[in-house]
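This report concerns only the one structure given below.
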Amino acid sequence: MKERLVLIGNGMAGVRTLEELLKLTPEKYDITVFGEEPYGNYNRIMLSPVLASEKTIDEIMLNDDQWYADNNVTLHKGRKVTGIDRVRKVVRADDGTEAAYDRLIIATGSTPFILPVPGADKEGVIGFRDIHDVDLMLEASKKYKKAVVIGGGLLGLEAANGLMKQGMDVTVVHLLGHLMERQLDVTAAKMLQQSLQDKGMKFLMDHATEEVLGDDHVTGLKFSDGTEIAADLLVMAVGIKPNIELAQNAGLHCERGIVVNDTMQTFDPGIYSVGECVQHRGVCYGLVAPLFEQAKVAANHLAEFGIARYEGSVTSTMLKVTGIDLFSAGDFLGDDDTEEMVFQDVASGVYKKIVLRDNRIAGCVMYGDTIDGTWYFQMLKDGTDVSDFRNTILFGQAHLGDAGHGDDTRVAAMPDDAEICGCNGVCKGDIVNAISEKKLFTLDDVKAHTKAASSCGSCTGLVEALLAHTLGGDYSEAPSKKPLCSCTDYSHDDIIGAIRNQELKSMQAVRDFLEWKTPDGCASCRPALNYYLLANWPEEYQDDLQSRFINERAHGNIQKDGTYSVVPRMFGGLCTPSDLRAIADVCEKYSVPEMKVTGGQRIDLFGVKKEDLPGMWKDLTDAGFVSGHAYGKAMRTVKTCAGKTWCRFGTQNSTGLGVKLEELTWGSWMPHKFKLAVSGCPRNCAEATIKDFGVVCVDSGYELHVGGNGGIKVRVTDFLCKVDTEEEVLEYCGAFIQKYREEAHYLERTAPWVERVGLACVKQAILEDEAQRKALYERFLLSQKFAQIDPWKQRAEGAESCEFNPIRISA
């Protein structure tokens, strides 16, 4: 016989408790849920996008009717519970519906605080807490033009932004001198206010409301200084208060909220409580992350595991306010015993402040660039001593290699319990496990399976960085018409087209013509613009080193301990005793701790210190080596088998052809990493059919394959064509690469590119239009002319020395 569990409150905290409980023991309870609203469980955080007409009610539903049916949960929608009979263990709703319980969860949430001023009960005065409030505001926006929002916190600003998007003239009234005082310091708040004013939002700071004006309907506000402002709609967003009336009437012990212990039990051991209605150790929480922590603990005890305790939460706030990223945690104001570290770039709209106490983070606040917020927060919780890296801490985890490195390395260093999505309480470990176990490859996949990044969107960058890090080369950002980054409203294709059609030949020219929102761009758009300009204007554009990732600037792959790996190129995997001797000498000279033969037929030198990289590369180039580009968005390797020279099954000289392909393509920058292979027979020992460009040798010639990918998400190549000679292989390969280089999005591998544009498009350019193929090949050769210096040729001509850098640009 199942026990009976009743949940009062169909909100985020209560239903999350059920979700956690169903994971632990899906058959233990018959579950009944009472919800006052006529909806399923929706994401209250996403009411602002609904008000702004950016999302619909259906799009913010977390658990629709089908979820309740699938989990055998009885849902009473639109029924407010008016009484709890603790003796009979029965709850009763306003329509007379009753439900008996063995265990009860109270998750009644909170109610908006309405200022107790004269006229606050007039028509047109509303709060901002649920879908009904949103409906009232949308209806009012169709009738009226002037709106006033009291409250300069998150809810107030989001309400104001939504009403502005509905065409209303909006003024925000705030009691204090700066906005969001609970989340931001004065500097960050002023930056936010200026940004919002630029968008048309008006502000009255340091204003105290004295009276709501009007007869039956609001017509304006009167302030304590005697001034007035007209208003057709008044939204009060000045705070919330725990909804404890039902619990009080049932005789449960309440103070500011329903008092619970560390197992989320009330003073009645059969009744649990979670969410904004709860008071735990004297604290009431209004952020979603603590509420989800409470839900896990309550579920653990309802399942009778009995091992979890809720000991309170150290909270952080990651927000996206009207498109602007904000983060704060801890004591970001500081006191006489703290010191502040501040970074501010007004032009780029970036501000960071870290408050230290005894070389440990006490608090932080960030505006514009919040990617390292989770890292700072984790160090705050752990009490990490930052003495050893305090001179670089403001630059985030990128200090391991240099400024400008991608976000994937930063999220890689986060612990599994680091919270990524505050809106839905999703940690890094949850996302990584879902990616690996459920074979997720896109942002939409992660949203669907974990709910991360499905709410306010402020953690989207972190989630995409986790995808990139977890999947490696198998992840490509979904090509779409979405903007390249927050600096611009234009997509990859728009930018490529402008560079080509308008003959834009510098990053500044691109930013000026496309009206970039930030003067110098950001870490996302600078590498992309640098690549697009390089691909389109190889003769004229000067590669910008500072717009490359640290791996490409340092000519080595950064490792998790901050050292680098160095990979000299061995064309076709061929080497001589002197080559091996030279590598061994370099390894001994620089005390390389580990050497490894790679799958790409090269030798990887691990554990190289950054300061040793220039000297090591000089010694290697003096010995005749060039870079293997294992670190670059570039041509990586050409894998070969023994071929007919040695193998009894070989049909062609695959090693020799592989060397020719590698000599043709090395040093070529690409949208993403690019791998080739040549197999000497259909047995395909070089795995040519999972490479970006593969050649399978047959008795009568060469089969060409494109768009393959190894790794977690294997994609077998598409057959392109069969050719008769090695010269044709080189021409078709160069043409394919150049079409990919010119048309793919930055960080898009050939596999998703081919799927996006279609194999027919590739064949049309390379097979069906000979003139286009030859033009592509000529442009490829031209780009290669400016892409690499040939040390072999220089030495053959008797050059005493060869000033050669391991990549095509000066170090």
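In the structure tokens, each chain is lettered A, B, ... as it comes, each chain's residues begin at 1, and ligands are numbered from 1 in order of appearance.
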**Study point:** Selection near Thr717 in chain A, 8 Å with only C-alpha atoms, sequence-local residues under 6 positions removed, as a list in words
**Key:** Thr689, Ile690, Lys691, Asp692, Gly694, His705, Val706, Gly707, Gly708 and Asn709 of chain A
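Contact shell of Gly632 in chain A at 7 Å (only C-alpha atoms; same-chain neighbours under 4 positions omitted): Asn551, Glu552 and Lys673 of chain A.
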Check your understanding: With only C-alpha atoms as the basis for distance, which of A:Gly334, A:Gly220, A:Asp369, A:His492 is at the shortest distance from Ile354 in chain A?
Key ->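 Looking only at the distances to Ile354 in chain A, the closest residue turns out to be A:Gly334.
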**Study point:** For range 520-524 of chain A: contacts at 12 Å, only C-alpha atoms, fewer than 2 positions along chain excluded, given as a count of residues only
**Key:** 48
Review point. Do you have the CA of Phe649 in chain A-CA of Asn684 in chain A distance handy?
Key: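 CA of Asn684 in chain A lies 10.7 Å from CA of Phe649 in chain A.
Shortest separation to Arg103 in chain A among A:Ile131, A:Leu302, A:Ala140, A:Val235 occurs at residue A:Leu302, atoms counted being only C-alpha atoms.
Across range 609-656 of chain A, DSSP run on the backbone finds strand (DSSP E) at Met635, Arg636, Thr637, Val638, Lys639 and Thr640 of chain A.
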**Study point:** Among listed residues A:Ala329, A:Cys364, A:Leu664, A:Ile558, nearest Thr637 in chain A (using only C-alpha atoms)
**Key:**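 Answer, going by the shortest atom-to-atom distance: A:Leu664.
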Practice item. Kindly give the distance, in Å, that separates CA of Met414 in chain A and CA of Ser436 in chain A, rounded to a single decimal. Key: 17.2 Å
Check your understanding: Of the candidates A:Gly667, A:Gly124, A:Gly40, A:Pro290, which one gets nearest to Glu139 in chain A if we count only C-alpha atoms?
Key -> A:Gly124
Exercise for review: Rank A:Ile435, A:Cys427, A:Leu533, A:Met191 by their smallest atom-to-atom distance to Met366 in chain A, using only C-alpha atoms, and report the top residue only.
Suggested key: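 For Met366 in chain A, the nearest of the candidates is A:Met191.
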Exercise for review: Fewer than 4 positions away in the same chain doesn't count, so skip those; otherwise give me all residues within 6 Å of Val148 in chain A, counting only C-alpha atoms, as a PyMOL selection string.
Suggested key: chain A and resi 170-172+231+234
File of the preceding selection, N, CA and C atoms, as a JSON list (two decimals), in the first residue's frame:
```json
[["chain", "number", "residue", "atom", "x", "y", "z"],
["A", 170, "VAL", "N", 7.98, 54.46, -19.81],
["A", 170, "VAL", "CA", 8.16, 53.85, -18.49],
["A", 170, "VAL", "C", 9.15, 54.64, -17.65],
["A", 171, "THR", "N", 8.78, 54.88, -16.41],
["A", 171, "THR", "CA", 9.67, 55.51, -15.42],
["A", 171, "THR", "C", 9.82, 54.57, -14.24],
["A", 172, "VAL", "N", 11.06, 54.35, -13.83],
["A", 172, "VAL", "CA", 11.34, 53.53, -12.65],
["A", 172, "VAL", "C", 11.61, 54.45, -11.47],
["A", 231, "ALA", "N", 0.66, 58.68, -14.18],
["A", 231, "ALA", "CA", 0.77, 57.24, -14.45],
["A", 231, "ALA", "C", -0.60, 56.67, -14.77],
["A", 234, "LEU", "N", 0.53, 51.38, -12.56],
["A", 234, "LEU", "CA", 1.53, 51.40, -11.50],
["A", 234, "LEU", "C", 1.87, 49.97, -11.10]]
```
**Study point:** DSSP helix (DSSP H, G or I) residues within range 126-188 of chain A, listed as JSON, numbers by chain
**Key:** {"A": [131, 132, 133, 134, 135, 136, 137, 138, 139, 140, 141, 142, 143, 154, 155, 156, 157, 158, 159, 160, 161, 162, 163, 164, 165, 186, 187, 188]}
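Residue nearest Glu98 in chain A within the list A:Gly152, A:Gly383, A:Pro112, A:Gly83: A:Gly83 [criterion: smallest interatomic distance, only C-alpha atoms].
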